[in-house]
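Raw contents of model-v4.txt, compact mmCIF, C-alpha atoms:
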# COMPACT_ATOMS: atom_id res chain seq x y z
CA MET A 1 -35.78 11.64 -24.31
CA ASN A 2 -33.89 14.69 -23.20
CA CYS A 3 -32.19 14.20 -19.83
CA ILE A 4 -33.71 17.39 -18.43
CA HIS A 5 -37.18 16.07 -19.27
CA ILE A 6 -36.43 12.80 -17.56
CA TRP A 7 -35.17 14.61 -14.47
CA GLY A 8 -38.34 16.68 -14.28
CA PHE A 9 -40.39 13.51 -14.59
CA CYS A 10 -38.44 11.69 -11.89
CA LYS A 11 -38.63 14.42 -9.28
CA GLY A 12 -42.19 13.44 -8.47
CA LEU A 13 -41.89 9.70 -8.96
CA SER A 14 -40.14 6.88 -7.19
CA LEU A 15 -38.99 4.43 -9.84
CA PRO A 16 -39.07 0.68 -9.14
CA VAL A 17 -35.69 -0.92 -8.70
CA GLU A 18 -35.04 -3.59 -11.28
CA PRO A 19 -33.93 -6.92 -9.84
CA HIS A 20 -30.25 -7.73 -10.02
CA HIS A 21 -29.29 -9.80 -13.01
CA PRO A 22 -28.39 -13.18 -11.47
CA ASN A 23 -25.26 -13.61 -13.58
CA ALA A 24 -23.77 -10.15 -14.00
CA MET A 25 -22.69 -6.98 -12.19
CA LYS A 26 -22.32 -3.63 -13.95
CA ILE A 27 -19.83 -1.19 -12.40
CA ALA A 28 -19.09 2.29 -13.75
CA THR A 29 -16.94 5.33 -13.02
CA TRP A 30 -17.49 8.96 -14.02
CA ASN A 31 -15.72 12.20 -13.16
CA VAL A 32 -18.72 14.53 -13.33
CA ASN A 33 -16.83 17.80 -12.77
CA SER A 34 -19.55 19.26 -10.47
CA LEU A 35 -22.49 17.11 -9.45
CA ASN A 36 -24.67 20.22 -9.11
CA VAL A 37 -24.22 20.96 -12.79
CA ARG A 38 -24.35 17.37 -13.99
CA LEU A 39 -27.11 15.94 -11.75
CA PRO A 40 -29.69 15.73 -14.58
CA GLN A 41 -27.18 13.89 -16.76
CA VAL A 42 -26.20 11.50 -13.98
CA SER A 43 -29.85 10.76 -13.21
CA ASN A 44 -30.57 10.16 -16.87
CA TRP A 45 -27.54 7.88 -17.18
CA LEU A 46 -28.66 5.81 -14.19
CA ILE A 47 -32.11 5.36 -15.70
CA GLU A 48 -30.72 4.36 -19.09
CA HIS A 49 -27.86 2.09 -17.97
CA ARG A 50 -29.03 0.80 -14.56
CA PRO A 51 -25.55 0.02 -13.22
CA ASP A 52 -25.26 -1.89 -9.97
CA ILE A 53 -22.53 0.53 -8.88
CA LEU A 54 -21.61 4.00 -10.12
CA CYS A 55 -18.54 5.76 -8.72
CA LEU A 56 -18.44 9.54 -9.09
CA GLN A 57 -15.49 11.90 -8.77
CA GLU A 58 -15.06 15.67 -8.51
CA LEU A 59 -18.41 16.26 -6.82
CA LYS A 60 -17.46 19.82 -5.80
CA LEU A 61 -20.11 19.68 -3.06
CA GLU A 62 -20.01 20.08 0.69
CA GLN A 63 -20.83 16.92 2.63
CA ASP A 64 -24.31 18.11 3.63
CA LYS A 65 -25.18 19.28 0.10
CA PHE A 66 -25.12 15.84 -1.50
CA PRO A 67 -28.41 15.17 -3.39
CA LEU A 68 -29.16 11.82 -1.77
CA ALA A 69 -32.93 12.09 -2.23
CA ALA A 70 -32.55 12.42 -5.99
CA PHE A 71 -30.71 9.10 -6.18
CA GLU A 72 -33.03 7.37 -3.74
CA LEU A 73 -35.92 8.20 -6.11
CA LEU A 74 -34.08 6.15 -8.71
CA GLY A 75 -33.53 3.21 -6.38
CA TYR A 76 -29.93 3.93 -5.38
CA ARG A 77 -28.17 4.19 -2.05
CA ALA A 78 -25.08 6.35 -1.66
CA VAL A 79 -21.99 6.89 0.44
CA TRP A 80 -19.88 9.97 -0.18
CA SER A 81 -17.09 12.23 0.97
CA GLY A 82 -17.78 15.79 -0.08
CA GLN A 83 -15.71 18.95 -0.30
CA LYS A 84 -16.75 22.46 -1.24
CA THR A 85 -15.51 23.75 -4.60
CA TYR A 86 -12.97 20.96 -5.18
CA ASN A 87 -12.64 17.16 -5.11
CA GLY A 88 -15.29 14.90 -3.56
CA VAL A 89 -16.11 11.24 -4.31
CA ALA A 90 -19.23 9.08 -4.03
CA ILE A 91 -20.36 5.50 -4.56
CA LEU A 92 -23.95 4.92 -5.70
CA SER A 93 -25.22 1.36 -5.46
CA ARG A 94 -28.39 -0.65 -5.69
CA SER A 95 -27.30 -2.74 -2.69
CA GLU A 96 -26.19 -1.51 0.70
CA ALA A 97 -22.54 -0.54 1.10
CA ALA A 98 -20.64 -2.02 4.04
CA ASP A 99 -17.25 -1.34 5.67
CA VAL A 100 -17.05 2.20 4.29
CA HIS A 101 -13.76 4.07 4.63
CA THR A 102 -12.57 7.43 3.32
CA GLY A 103 -9.12 8.92 2.75
CA LEU A 104 -5.67 7.36 2.79
CA PRO A 105 -4.41 5.95 6.13
CA ASP A 106 -0.87 7.07 5.37
CA LEU A 107 -2.04 10.67 4.82
CA PRO A 108 -4.39 11.16 7.79
CA ASP A 109 -4.07 14.95 7.75
CA ASP A 110 -4.72 15.36 4.03
CA PRO A 111 -7.70 17.74 3.71
CA GLN A 112 -8.49 16.70 0.14
CA ARG A 113 -11.45 14.31 -0.23
CA ARG A 114 -10.25 11.94 -2.91
CA VAL A 115 -10.84 8.34 -1.79
CA ILE A 116 -13.84 6.31 -0.66
CA ALA A 117 -13.99 2.50 -0.33
CA ALA A 118 -16.87 0.15 0.41
CA THR A 119 -17.85 -3.50 0.04
CA ILE A 120 -20.93 -4.09 -2.11
CA ASP A 121 -22.30 -7.52 -2.97
CA GLY A 122 -18.99 -9.08 -1.99
CA VAL A 123 -16.85 -6.79 -4.16
CA ARG A 124 -14.44 -4.31 -2.56
CA VAL A 125 -14.82 -1.02 -4.42
CA ILE A 126 -12.16 1.70 -4.09
CA ASN A 127 -13.18 4.92 -5.81
CA VAL A 128 -10.38 7.44 -6.39
CA TYR A 129 -10.01 10.96 -7.70
CA CYS A 130 -6.23 11.03 -8.02
CA VAL A 131 -4.14 14.17 -7.76
CA ASN A 132 -3.67 16.13 -11.00
CA GLY A 133 -0.14 17.34 -10.28
CA GLU A 134 -0.33 20.54 -12.37
CA ALA A 135 3.14 20.29 -13.97
CA VAL A 136 6.11 17.94 -13.78
CA GLY A 137 8.54 19.18 -11.13
CA SER A 138 6.03 21.43 -9.34
CA GLU A 139 5.08 21.26 -5.66
CA LYS A 140 1.76 19.75 -6.67
CA PHE A 141 3.63 17.09 -8.63
CA ALA A 142 5.58 16.19 -5.48
CA TYR A 143 2.27 15.90 -3.65
CA LYS A 144 1.01 13.62 -6.43
CA GLU A 145 4.02 11.33 -5.94
CA GLN A 146 3.43 11.19 -2.19
CA TRP A 147 -0.28 10.59 -2.73
CA PHE A 148 0.24 7.69 -5.15
CA ALA A 149 2.72 6.05 -2.77
CA ALA A 150 0.05 6.20 -0.05
CA LEU A 151 -2.56 4.84 -2.44
CA ASN A 152 -0.26 1.96 -3.36
CA ARG A 153 0.06 0.98 0.29
CA LEU A 154 -3.70 1.19 0.85
CA VAL A 155 -4.44 -1.01 -2.18
CA ALA A 156 -1.85 -3.58 -1.08
CA GLN A 157 -3.59 -3.81 2.30
CA GLU A 158 -7.02 -4.08 0.73
CA LEU A 159 -5.92 -6.77 -1.74
CA ALA A 160 -4.63 -8.84 1.17
CA GLN A 161 -8.16 -8.82 2.60
CA HIS A 162 -10.37 -9.01 -0.51
CA ASP A 163 -10.15 -11.47 -3.40
CA GLU A 164 -12.59 -9.49 -5.53
CA LEU A 165 -11.51 -5.86 -5.65
CA VAL A 166 -11.93 -3.05 -8.15
CA LEU A 167 -9.91 0.19 -8.04
CA LEU A 168 -11.50 2.74 -10.34
CA GLY A 169 -11.87 6.43 -11.01
CA ASP A 170 -9.96 9.37 -12.46
CA PHE A 171 -6.26 8.55 -12.12
CA ASN A 172 -4.96 11.59 -14.01
CA ILE A 173 -2.42 9.31 -15.71
CA ALA A 174 -2.38 8.10 -19.31
CA PRO A 175 -0.46 4.81 -18.90
CA ALA A 176 0.97 4.49 -22.43
CA ASP A 177 1.45 6.41 -25.68
CA ARG A 178 -1.59 4.74 -27.24
CA ASP A 179 -3.66 6.41 -24.49
CA VAL A 180 -2.71 9.86 -25.84
CA TYR A 181 -3.84 11.53 -29.06
CA ASP A 182 -0.39 13.03 -29.70
CA PRO A 183 2.39 11.24 -27.76
CA GLU A 184 5.11 13.57 -29.01
CA LYS A 185 3.27 16.68 -27.88
CA TRP A 186 2.59 15.14 -24.47
CA HIS A 187 6.00 13.52 -24.01
CA GLU A 188 7.10 13.91 -20.36
CA LYS A 189 4.24 16.36 -19.74
CA ILE A 190 1.79 16.06 -16.85
CA HIS A 191 -0.39 12.90 -17.02
CA CYS A 192 2.11 11.29 -19.41
CA SER A 193 5.50 11.55 -17.71
CA SER A 194 7.68 8.51 -17.11
CA ALA A 195 7.37 9.01 -13.36
CA GLU A 196 3.57 8.99 -13.40
CA ARG A 197 3.46 5.96 -15.66
CA GLN A 198 5.75 4.18 -13.21
CA TRP A 199 3.35 4.98 -10.35
CA PHE A 200 0.51 3.49 -12.39
CA ALA A 201 2.62 0.42 -13.21
CA GLU A 202 3.34 -0.07 -9.51
CA LEU A 203 -0.40 -0.36 -8.86
CA LEU A 204 -0.64 -3.04 -11.53
CA GLN A 205 2.35 -4.82 -10.01
CA LEU A 206 0.33 -5.31 -6.84
CA GLY A 207 -1.72 -7.79 -8.86
CA LEU A 208 -4.30 -5.56 -10.53
CA GLY A 209 -5.26 -5.81 -14.18
CA ASP A 210 -6.21 -2.91 -16.48
CA GLY A 211 -9.74 -3.87 -17.49
CA LEU A 212 -9.79 -1.97 -20.76
CA ARG A 213 -6.47 -3.38 -21.92
CA HIS A 214 -7.58 -6.87 -20.89
CA LEU A 215 -10.42 -6.71 -23.42
CA HIS A 216 -9.09 -4.11 -25.89
CA PRO A 217 -5.30 -4.62 -25.99
CA GLU A 218 -4.52 -2.24 -28.85
CA ALA A 219 -7.58 0.03 -29.11
CA GLN A 220 -7.22 3.78 -28.75
CA MET A 221 -10.10 4.75 -26.44
CA PHE A 222 -10.07 8.12 -24.68
CA THR A 223 -12.01 9.13 -21.56
CA TRP A 224 -11.15 12.85 -21.25
CA TRP A 225 -11.12 15.70 -23.76
CA ASP A 226 -10.15 19.30 -23.02
CA TYR A 227 -13.04 21.77 -23.31
CA ARG A 228 -10.86 24.04 -25.39
CA MET A 229 -10.25 23.99 -29.16
CA ASN A 230 -13.12 21.60 -29.92
CA MET A 231 -10.99 18.67 -28.74
CA PHE A 232 -13.85 16.20 -28.36
CA ARG A 233 -15.21 16.66 -31.87
CA ARG A 234 -11.67 16.41 -33.19
CA LYS A 235 -11.24 13.16 -31.22
CA LEU A 236 -8.18 14.50 -29.40
CA GLY A 237 -8.23 13.07 -25.89
CA LEU A 238 -6.47 11.09 -23.19
CA ARG A 239 -7.34 7.85 -21.38
CA ILE A 240 -7.00 8.82 -17.73
CA ASP A 241 -10.09 7.13 -16.20
CA HIS A 242 -9.52 3.46 -15.41
CA ILE A 243 -11.09 0.30 -14.00
CA LEU A 244 -8.41 -1.90 -12.42
CA CYS A 245 -9.37 -5.35 -11.15
CA SER A 246 -7.99 -8.07 -8.92
CA PRO A 247 -7.31 -11.39 -10.70
CA ALA A 248 -10.53 -13.01 -9.42
CA LEU A 249 -12.60 -10.10 -10.71
CA LEU A 250 -10.65 -9.73 -13.94
CA ALA A 251 -11.48 -13.35 -14.75
CA ARG A 252 -15.16 -12.41 -14.63
CA LEU A 253 -14.82 -9.32 -16.85
CA GLN A 254 -17.07 -9.62 -19.91
CA GLN A 255 -17.36 -6.10 -21.31
CA LEU A 256 -15.77 -2.68 -20.81
CA GLU A 257 -16.65 0.45 -22.76
CA VAL A 258 -16.40 4.25 -22.72
CA ASP A 259 -19.72 6.08 -23.14
CA THR A 260 -18.55 8.86 -25.44
CA ALA A 261 -22.15 9.85 -26.24
CA THR A 262 -22.39 11.44 -22.79
CA ARG A 263 -19.44 13.72 -23.59
CA ALA A 264 -21.40 15.04 -26.59
CA LEU A 265 -24.30 16.32 -24.47
CA GLU A 266 -24.90 20.01 -23.85
CA ARG A 267 -22.83 21.26 -20.87
CA PRO A 268 -21.03 17.93 -20.41
CA SER A 269 -18.30 16.92 -18.03
CA ASP A 270 -14.93 16.84 -19.72
CA HIS A 271 -14.82 13.12 -18.82
CA ALA A 272 -16.98 10.30 -20.18
CA PRO A 273 -18.32 7.41 -18.06
CA VAL A 274 -16.42 4.13 -18.24
CA TRP A 275 -18.41 0.99 -17.46
CA ALA A 276 -17.71 -2.70 -17.09
CA VAL A 277 -19.81 -5.84 -16.86
CA PHE A 278 -18.65 -8.78 -14.74
CA ALA A 279 -20.09 -12.28 -14.93

Encoded form using structure tokens:
Amino acid sequence: MNCIHIWGFCKGLSLPVEPHHPNAMKIATWNVNSLNVRLPQVSNWLIEHRPDILCLQELKLEQDKFPLAAFELLGYRAVWSGQKTYNGVAILSRSEAADVHTGLPDLPDDPQRRVIAATIDGVRVINVYCVNGEAVGSEKFAYKEQWFAALNRLVAQELAQHDELVLLGDFNIAPADRDVYDPEKWHEKIHCSSAERQWFAELLQLGLGDGLRHLHPEAQMFTWWDYRMNMFRRKLGLRIDHILCSPALLARLQQLEVDTATRALERPSDHAPVWAVFA
């Protein structure tokens, strides 16, 4: 069924919430590149996949413009940090979120809404929309370095308090050459520079595991494709959206996939959802 048709159907109907599966938790991340534009697709995806938790990035909505009622109709609660035109992050969940925090403590004056954390069903969830950086050596790249250092310190603090933790979202870093369609073309370019890959490695060194590489060590699986030059149909992308897990949570990881079908929809985000199932 077309997602627009489903959205029209749901506007007048409160759907029953399915019971939690007693032995599994499904957690997903998706940079929607404007929730206003992608709301029908997000609603459709929630109906089809029924995740326990869905983290969204790049809402591009003011705080008071968040479509909470639309998600409540589907049986979801939400916490969010919105920003007009740019940035913005949200966590949708079927259970109530506790201990909600936004931003990075080491960057208290940062106006960009890029981080939201909450505890849901005993799992600490940190949803991030990491800085793009524009170009290696630029002022925005320097900001990206500062931002990742602050993120590293936040995650270290959170790991000290939570055994089961997931850090997920759009990291704007492709960690290795196999995460890039053309490593030579992207060599030392933004998203793929040695410096950025070191920042990503430092997060893993805190004790986190890359969920996709845990289950698919050698697979080439992309999560982002440029809108230009028919890149998606040509299968020319980058893997820059990640689900990183603490050891206790990584041990429970059963499945992790990229939903490329969503990228093929009409007026899609340039990112595809990434989802994981934990025992």

Once 8 Å is added on each side, what centre and edge lengths in Å to one decimal does the axis-aligned box around all listed atoms of range 104-111 of chain A have, as lines of an AutoDock Vina configuration file?
center_x = -4.3
center_y = 11.8
center_z = 5.3
size_x = 22.8
size_y = 27.8
size_z = 21.0

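For the pair CA of Lys144 in chain A and CA of Ala276 in chain A, the separation is 27.0 Å.
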
List as a tab-separated table every residue of range 210-263 of chain A that is in contact with range 34-57 of chain A, defined as an atom at most 12 Å from one of its atoms (using all atoms listed in the file), together with the nearest atom pair and the distance in Å rounded to one decimal, sorted by chain and then rising number.
residue	atom	partner	partner_atom	distance
A:Asp241	CA	A:Gln57	CA	10.3
A:His242	CA	A:Cys55	CA	11.5
A:Ile243	CA	A:Cys55	CA	10.6
A:Asp259	CA	A:Trp45	CA	10.0
A:Ala261	CA	A:Trp45	CA	10.7
A:Thr262	CA	A:Gln41	CA	8.1
A:Arg263	CA	A:Gln41	CA	10.3

Would you give me, as a tab-separated table, each residue of range 65-99 of chain A having an atom within 12 Å of an atom of range 169-176 of chain A, along with its shortest atom pair and that distance in Å to one decimal, using only C-alpha atoms and sorting by chain and residue number?
residue	atom	partner	partner_atom	distance
A:Asn87	CA	A:Asp170	CA	11.0
A:Gly88	CA	A:Asp170	CA	11.8
A:Val89	CA	A:Gly169	CA	9.3
A:Ala90	CA	A:Gly169	CA	10.5
A:Ile91	CA	A:Gly169	CA	10.7

Once you count only C-alpha atoms, which residues end up no further than 6 Å from (-15.5, 9.9, -17.2) in the file's frame, shown as a list in words? Trp30, Asn31, Thr223, His271, Ala272, Pro273 and Val274 of chain A

Take the point (-13.9, -8.6, -13.1) in the file's coordinates, draw a sphere of radius 10 Å around it, and report as a PDB file with C-alpha atoms, keeping the file's coordinate frame every protein, DNA or RNA residue with an atom inside or on it, counting all atoms listed in the file.
ATOM      1  CA  MET A  25     -22.690  -6.980 -12.190  1.00  0.00           C
ATOM      2  CA  LYS A  26     -22.320  -3.630 -13.950  1.00  0.00           C
ATOM      3  CA  ILE A  27     -19.830  -1.190 -12.400  1.00  0.00           C
ATOM      4  CA  VAL A 123     -16.850  -6.790  -4.160  1.00  0.00           C
ATOM      5  CA  GLU A 164     -12.590  -9.490  -5.530  1.00  0.00           C
ATOM      6  CA  LEU A 165     -11.510  -5.860  -5.650  1.00  0.00           C
ATOM      7  CA  VAL A 166     -11.930  -3.050  -8.150  1.00  0.00           C
ATOM      8  CA  GLY A 209      -5.260  -5.810 -14.180  1.00  0.00           C
ATOM      9  CA  GLY A 211      -9.740  -3.870 -17.490  1.00  0.00           C
ATOM     10  CA  ILE A 243     -11.090   0.300 -14.000  1.00  0.00           C
ATOM     11  CA  LEU A 244      -8.410  -1.900 -12.420  1.00  0.00           C
ATOM     12  CA  CYS A 245      -9.370  -5.350 -11.150  1.00  0.00           C
ATOM     13  CA  SER A 246      -7.990  -8.070  -8.920  1.00  0.00           C
ATOM     14  CA  PRO A 247      -7.310 -11.390 -10.700  1.00  0.00           C
ATOM     15  CA  ALA A 248     -10.530 -13.010  -9.420  1.00  0.00           C
ATOM     16  CA  LEU A 249     -12.600 -10.100 -10.710  1.00  0.00           C
ATOM     17  CA  LEU A 250     -10.650  -9.730 -13.940  1.00  0.00           C
ATOM     18  CA  ALA A 251     -11.480 -13.350 -14.750  1.00  0.00           C
ATOM     19  CA  ARG A 252     -15.160 -12.410 -14.630  1.00  0.00           C
ATOM     20  CA  LEU A 253     -14.820  -9.320 -16.850  1.00  0.00           C
ATOM     21  CA  GLN A 254     -17.070  -9.620 -19.910  1.00  0.00           C
ATOM     22  CA  GLN A 255     -17.360  -6.100 -21.310  1.00  0.00           C
ATOM     23  CA  LEU A 256     -15.770  -2.680 -20.810  1.00  0.00           C
ATOM     24  CA  ALA A 276     -17.710  -2.700 -17.090  1.00  0.00           C
ATOM     25  CA  VAL A 277     -19.810  -5.840 -16.860  1.00  0.00           C
ATOM     26  CA  PHE A 278     -18.650  -8.780 -14.740  1.00  0.00           C
ATOM     27  CA  ALA A 279     -20.090 -12.280 -14.930  1.00  0.00           C
TER      28      ALA A 279
END

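Going from CA of Val79 in chain A to CA of Thr260 in chain A covers 26.2 Å.
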
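Each of A:Tyr143, A:Asp210, A:Lys235, A:Ala28 was checked against Leu107 in chain A using only C-alpha atoms; the smallest atom-to-atom distance is that of A:Tyr143.
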
Find, counting only C-alpha atoms, the residue in A:Ala149, A:Ile120, A:Cys130, A:Ala264 that gets nearest to Phe232 in chain A. A:Ala264

Mind checking which residues fall within 8 Å of Ile126 in chain A, counting all atoms listed in the file, ignoring those fewer than 5 positions away in the same chain, and posting them as a list in words? Val115, Ile116, Ala117, Ala118, Leu165, Val166, Leu167 and Leu168 of chain A

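Here CA of Lys189 in chain A is placed at a distance of 7.1 Å from CA of Ala135 in chain A.
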
Using all atoms listed in the file, can you tell me which of A:Phe148, A:Leu159, A:Glu257, A:Ser81 comes closest to Ala201 in chain A? A:Phe148

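Residue nearest Leu206 in chain A within the list A:Leu92, A:Ala70, A:Ala156, A:Ala78: A:Ala156 [criterion: smallest interatomic distance, all atoms listed in the file].
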
I need the residue nearest Val258 in chain A from this list: A:Asp106, A:Leu212, A:Arg113, A:Asp226. Use only C-alpha atoms for the distance. A:Leu212

I need the residue nearest Ala195 in chain A from this list: A:Pro183, A:Gly207, A:Gly133, A:Gly75. Use all atoms listed in the file for the distance. A:Gly133

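Residues in contact with Pro105 in chain A at 12 Å, where only C-alpha atoms are counted and same-chain residues fewer than 4 positions away are skipped, are listed as His101, Asp109, Asp110, Val115, Ile116, Trp147, Ala149, Ala150, Leu151, Asn152, Arg153, Leu154, Val155, Gln157 and Glu158 of chain A.
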